[in-house]
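Listing of query21.txt, compact mmCIF, C-alpha atoms
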```txt
# COMPACT_ATOMS: atom_id res chain seq x y z
CA MET A 1 -62.59 77.64 -6.70
CA SER A 2 -59.27 79.39 -6.03
CA ASP A 3 -60.59 82.56 -7.68
CA ASP A 4 -63.59 82.45 -5.34
CA VAL A 5 -61.20 82.36 -2.39
CA THR A 6 -59.13 85.30 -3.60
CA ARG A 7 -62.33 87.22 -4.41
CA TYR A 8 -63.26 86.83 -0.73
CA GLU A 9 -59.76 87.88 0.34
CA LEU A 10 -59.75 90.79 -2.14
CA PRO A 11 -63.40 91.93 -2.24
CA SER A 12 -64.62 94.20 -5.01
CA GLU A 13 -65.14 97.12 -2.62
CA GLY A 14 -61.41 97.19 -1.81
CA ILE A 15 -59.45 96.19 1.28
CA THR A 16 -56.31 97.10 3.20
CA LEU A 17 -53.24 94.92 3.57
CA LEU A 18 -54.23 93.94 7.11
CA GLY A 19 -57.80 93.32 6.03
CA TYR A 20 -56.47 90.98 3.35
CA VAL A 21 -54.30 89.14 5.89
CA VAL A 22 -57.29 88.69 8.20
CA ARG A 23 -59.48 87.41 5.35
CA ARG A 24 -56.66 85.08 4.29
CA MET A 25 -56.68 83.65 7.82
CA HIS A 26 -60.40 82.85 7.69
CA LYS A 27 -59.67 79.16 7.27
CA THR A 28 -59.86 78.29 10.97
CA GLN A 29 -61.93 75.19 10.24
CA TRP A 30 -58.56 73.45 10.14
CA LEU A 31 -58.25 74.07 13.89
CA MET A 32 -61.71 72.95 14.96
CA SER A 33 -60.81 69.27 15.36
CA VAL A 34 -57.58 69.89 17.28
CA PRO A 35 -58.99 69.77 20.86
CA ALA A 36 -60.69 66.43 20.21
CA LEU A 37 -57.53 64.98 18.65
CA ILE A 38 -55.50 66.04 21.68
CA ALA A 39 -58.08 64.51 24.02
CA GLU A 40 -57.83 61.25 22.06
CA ASN A 41 -54.02 61.26 22.43
CA LYS A 42 -53.63 61.87 18.70
CA SER A 43 -51.20 64.74 19.06
CA SER A 44 -49.44 63.94 15.79
CA ASP A 45 -52.74 64.37 13.95
CA ALA A 46 -53.31 67.62 15.83
CA LEU A 47 -49.92 68.94 14.74
CA ALA A 48 -50.76 68.05 11.14
CA GLN A 49 -54.00 70.06 11.28
CA ILE A 50 -52.18 73.03 12.81
CA ALA A 51 -49.50 72.89 10.10
CA MET A 52 -52.18 72.87 7.42
CA TYR A 53 -53.82 75.91 8.93
CA ALA A 54 -50.48 77.70 9.19
CA VAL A 55 -49.71 77.27 5.50
CA THR A 56 -53.21 77.86 4.13
CA SER A 57 -53.72 80.95 6.29
CA SER A 58 -50.41 82.41 5.09
CA THR A 59 -50.83 81.91 1.36
CA SER A 60 -53.22 82.75 -1.47
CA PHE A 61 -53.77 80.99 -4.79
CA GLY A 62 -55.89 82.49 -7.53
CA ARG A 63 -56.51 85.72 -9.36
CA ALA A 64 -54.84 88.81 -7.89
CA TYR A 65 -57.64 91.31 -8.49
CA TYR A 66 -55.71 94.32 -7.17
CA GLN A 67 -53.08 95.39 -4.65
CA PRO A 68 -54.49 96.07 -1.16
CA GLN A 69 -54.08 99.54 0.32
CA PHE A 70 -51.22 99.88 2.78
CA ASN A 71 -51.93 100.47 6.47
CA SER A 72 -50.03 102.81 8.76
CA VAL A 73 -47.70 101.34 11.38
CA GLY A 74 -49.64 100.43 14.51
CA ALA A 75 -52.90 99.85 12.65
CA GLU A 76 -54.88 96.75 13.62
CA VAL A 77 -57.78 94.98 11.92
CA SER A 78 -60.11 92.42 13.51
CA GLU A 79 -62.84 90.36 11.85
CA ALA A 80 -64.50 87.11 12.89
CA ASP A 81 -64.21 84.04 10.68
CA PRO A 82 -67.79 83.76 9.35
CA VAL A 83 -67.65 79.96 9.41
CA THR A 84 -66.26 79.25 12.89
CA GLY A 85 -66.70 82.52 14.76
CA ALA A 86 -62.97 82.65 15.56
CA ILE A 87 -61.75 86.21 16.17
CA VAL A 88 -58.91 86.98 13.78
CA LYS A 89 -56.66 90.02 14.27
CA ALA A 90 -53.70 91.42 12.38
CA LYS A 91 -51.41 94.34 13.26
CA LEU A 92 -48.71 96.14 11.29
CA GLU A 93 -45.76 96.31 13.66
CA ALA A 94 -43.28 97.97 11.30
CA SER A 95 -42.92 99.05 7.66
CA SER A 96 -39.19 99.78 7.48
CA PRO A 97 -36.76 98.27 6.69
CA SER A 98 -39.32 95.48 6.14
CA TYR A 99 -43.01 94.89 6.72
CA LEU A 100 -43.59 93.08 10.01
CA ILE A 101 -47.11 91.78 10.60
CA SER A 102 -48.33 90.00 13.71
CA TYR A 103 -51.64 88.17 13.91
CA SER A 104 -53.78 85.83 15.95
CA ALA A 105 -56.87 83.66 15.69
CA THR A 106 -58.76 83.01 18.91
CA MET A 107 -61.08 80.04 18.64
CA PRO A 108 -64.49 79.98 20.37
CA ASN A 109 -63.14 77.53 22.98
CA GLY A 110 -60.15 79.76 23.82
CA ASP A 111 -57.46 78.01 21.75
CA ILE A 112 -55.07 80.55 20.25
CA PHE A 113 -53.07 80.49 17.05
CA SER A 114 -50.62 83.37 16.78
CA GLY A 115 -47.76 84.32 14.53
CA ARG A 116 -45.77 86.93 12.70
CA GLU A 117 -44.32 87.31 9.25
CA GLU A 118 -41.66 89.66 7.96
CA ILE A 119 -41.92 90.59 4.31
CA THR A 120 -38.26 91.22 3.60
CA GLY A 121 -38.60 92.75 0.15
CA THR A 122 -39.44 91.94 -3.46
CA THR A 123 -37.46 89.73 -5.79
CA VAL A 124 -37.81 89.88 -9.57
CA GLY A 125 -37.49 86.66 -11.54
CA LEU A 126 -38.70 84.91 -14.68
CA ARG A 127 -41.64 83.43 -12.76
CA GLY A 128 -42.84 86.73 -11.33
CA LEU A 129 -42.45 89.07 -8.37
CA GLY A 130 -41.63 87.23 -5.16
CA MET A 131 -42.12 88.44 -1.59
CA PRO A 132 -40.25 86.14 0.83
CA ALA A 133 -41.68 86.14 4.35
CA PRO A 134 -39.81 84.38 7.17
CA SER A 135 -42.62 83.33 9.50
CA LYS A 136 -43.11 81.96 13.00
CA PHE A 137 -46.31 80.53 14.50
CA ASN A 138 -47.50 79.25 17.85
CA PHE A 139 -50.61 77.33 18.84
CA LYS A 140 -51.87 76.71 22.35
CA SER A 141 -54.74 74.50 23.47
CA GLY A 142 -54.77 73.90 27.21
CA SER A 143 -51.35 72.49 28.07
CA TYR A 144 -50.64 71.52 24.46
CA ILE A 145 -48.24 73.82 22.57
CA ALA A 146 -47.06 73.67 18.95
CA GLU A 147 -44.46 75.82 17.21
CA LEU A 148 -43.84 76.30 13.49
CA SER A 149 -41.31 78.31 11.51
CA GLY A 150 -40.09 78.64 7.96
CA ILE A 151 -40.14 80.83 4.87
CA LEU A 152 -43.25 81.26 2.71
CA THR A 153 -42.87 83.31 -0.45
CA SER A 154 -45.90 84.92 -2.08
CA GLU A 155 -45.48 85.44 -5.81
CA LEU A 156 -47.33 87.51 -8.39
CA ALA A 157 -47.32 85.88 -11.81
CA LEU A 158 -47.81 88.87 -14.10
CA SER A 159 -50.00 88.83 -17.19
CA LEU A 160 -50.31 91.27 -20.07
CA ILE A 161 -54.06 90.70 -20.30
CA GLY A 162 -54.88 91.69 -16.73
CA ARG A 163 -55.06 88.19 -15.30
CA THR A 164 -52.24 88.47 -12.78
CA ARG A 165 -52.22 85.46 -10.46
CA ILE A 166 -51.06 85.14 -6.88
CA ARG A 167 -49.45 81.95 -5.63
CA ALA A 168 -46.89 80.85 -3.08
CA TYR A 169 -44.18 78.37 -2.27
CA GLY A 170 -41.97 77.51 0.70
CA PHE A 171 -41.66 75.37 3.78
CA LEU A 172 -42.48 75.13 7.46
CA ASN A 173 -40.82 73.06 10.18
CA CYS A 174 -43.05 72.15 13.12
CA ASN A 175 -42.88 70.53 16.54
CA ASP A 176 -44.97 70.26 19.70
CA ASN A 177 -44.51 69.55 23.39
CA ALA A 178 -45.81 66.01 22.88
CA GLY A 179 -42.56 65.10 21.10
CA ASN A 180 -43.83 65.26 17.51
CA THR A 181 -41.85 66.87 14.70
CA GLY A 182 -42.65 67.48 11.07
CA LYS A 183 -42.06 69.40 7.87
CA LEU A 184 -44.44 70.86 5.30
CA THR A 185 -43.68 72.12 1.82
CA VAL A 186 -45.95 73.88 -0.66
CA ASP A 187 -45.17 74.55 -4.33
CA ARG A 188 -46.43 77.06 -6.86
CA SER A 189 -49.21 74.72 -7.99
CA ASN A 190 -50.53 74.56 -4.39
CA LYS A 191 -49.32 70.99 -3.93
CA ILE A 192 -48.68 70.40 -0.23
CA ASP A 193 -46.43 67.67 1.14
CA LEU A 194 -46.53 67.02 4.87
CA GLU A 195 -44.50 64.65 7.00
CA ILE A 196 -45.03 64.10 10.72
CA ASN A 197 -42.51 61.98 12.62
CA GLY A 198 -40.98 60.89 9.31
CA LYS A 199 -44.29 59.63 7.89
CA LYS A 200 -45.81 61.25 4.82
CA LEU A 201 -49.46 62.10 5.27
CA GLN A 202 -52.30 62.10 2.77
CA ILE A 203 -53.71 65.58 2.40
CA THR A 204 -57.38 66.24 1.74
CA ARG A 205 -58.93 69.67 1.15
CA THR A 206 -61.92 69.02 3.43
CA PHE A 207 -60.16 70.29 6.53
CA SER A 208 -58.66 66.94 7.52
CA VAL A 209 -55.40 65.07 7.22
CA GLN A 210 -55.37 61.29 6.93
CA ILE A 211 -52.59 59.21 8.46
```

Could you express the structure from this file as structure tokens?
Amino acid sequence: MSDDVTRYELPSEGITLLGYVVRRMHKTQWLMSVPALIAENKSSDALAQIAMYAVTSSTSFGRAYYQPQFNSVGAEVSEADPVTGAIVKAKLEASSPSYLISYSATMPNGDIFSGREEITGTTVGLRGLGMPAPSKFNFKSGSYIAELSGILTSELALSLIGRTRIRAYGFLNCNDNAGNTGKLTVDRSNKIDLEINGKKLQITRTFSVQI
């Protein structure tokens, strides 16, 4: 399944870095239930869904088929999420001394998820090539606002037989204007741990989080 996802993110016809970021963000199903949760006064559940979108839209797990082509500074790519119709955009703000990418996902109802990541360089270790990216995200739905920040590191696990894998690890802290706080961690095996208001949540992969 993970290879199917990275095949979509890295299609056989080739793609640019920004195109890859946009495809990676085509997981906006996580955000579809947020307005209803807010209306039901379940803001902690809403924050959990937003946190899950933030981490899944910022990471890839599966086969790294090739390296995307680099864009020029100022370039912007936009493509709708084929499942939800959300308009996803990514822009390369800078390439030196680090890569700075800003992006947004505008949902059909007008909710907006936005963020930016700064790829600070490449680290070489026994586990592979790491690309740490300090990241900040915002989500707005009516008067509801959520903020998230942390460091998510993408990592290429190299292989001599051409089966290089991409994975990630890191953390995000999150809070909203309803008084909720939380923390999410993801490890190299794509195991996600999420706590909201000090309570650990049960994660499912069907675009929902169970309290």

*Would you list the residues near (-48.7, 88.8, 10.4) (no more than 9 Å away, in the coordinates of the file, using only C-alpha atoms) as number ranges by chain?*
A: 18, 21-22, 58, 89-93, 100-104, 114-118, 135

*asked:* With distances taken over all atoms listed in the file, which residue among A:Lys191, A:Phe70, A:Pro82, A:Ala54 lies nearest Ile151 of chain A?
replied: A:Ala54

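Using all atoms listed in the file for every distance, the candidate list A:Tyr144, A:Phe171, A:Tyr99, A:Tyr66 yields A:Phe171 as the residue closest to Asp193 of chain A.
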
*Just the residues within 6 Å of segment 2-8 of chain A, please, counting all atoms listed in the file, with nothing from its chain fewer than 3 positions along; format it as a list in words.*
Pro11, Phe61, Gly62 and Arg63 of chain A

Write the residues you've just listed into a file as a PDB file, keeping the file's coordinate frame, and include C-alpha atoms for each of them.
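Writing done, so here's again_36.pdb:
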```pdb
ATOM      1  CA  PRO A  11     -63.400  91.930  -2.240  1.00  0.00           C
ATOM      2  CA  PHE A  61     -53.770  80.990  -4.790  1.00  0.00           C
ATOM      3  CA  GLY A  62     -55.890  82.490  -7.530  1.00  0.00           C
ATOM      4  CA  ARG A  63     -56.510  85.720  -9.360  1.00  0.00           C
TER       5      ARG A  63
END
```

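Checking A:Asn41, A:His26, A:Ile145, A:Glu155 one by one against Thr122 of chain A, counting all atoms listed in the file, you find the shortest gap at A:Glu155.
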
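For the choices A:Thr59, A:Thr16, A:Lys42, A:Gly130, the atom-to-atom distance to Ala75 of chain A is smallest for A:Thr16 when using all atoms listed in the file.
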
*Which is closer to Phe113 of chain A than all the others in A:Lys140, A:Ala51, A:Glu147, A:Arg23, using all atoms listed in the file?*
A:Lys140

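Distance-wise, atom CA of Thr56 of chain A and atom CA of Ser12 of chain A end up 21.9 Å apart.
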
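Straight-line separation from atom CA of Phe137 of chain A to atom CA of Gly14 of chain A: 27.8 Å.
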
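Atom pair atom CA of Pro132 of chain A / atom CA of Ser96 of chain A: separated by 15.2 Å.
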
*Residues at most 9 Å from Leu194 of chain A, counting all atoms listed in the file, excluding those fewer than 6 positions away in the same chain, as a list in words?*
Ala48, Ala51, Met52, Gly182, Lys183, Leu184, Thr185, Val186, Lys200, Leu201, Gln202 and Ile203 of chain A

*Which is closer to Leu156 of chain A than all the others in A:Asn197, A:Tyr65, A:Gly110, A:Ala80, using only C-alpha atoms?*
A:Tyr65
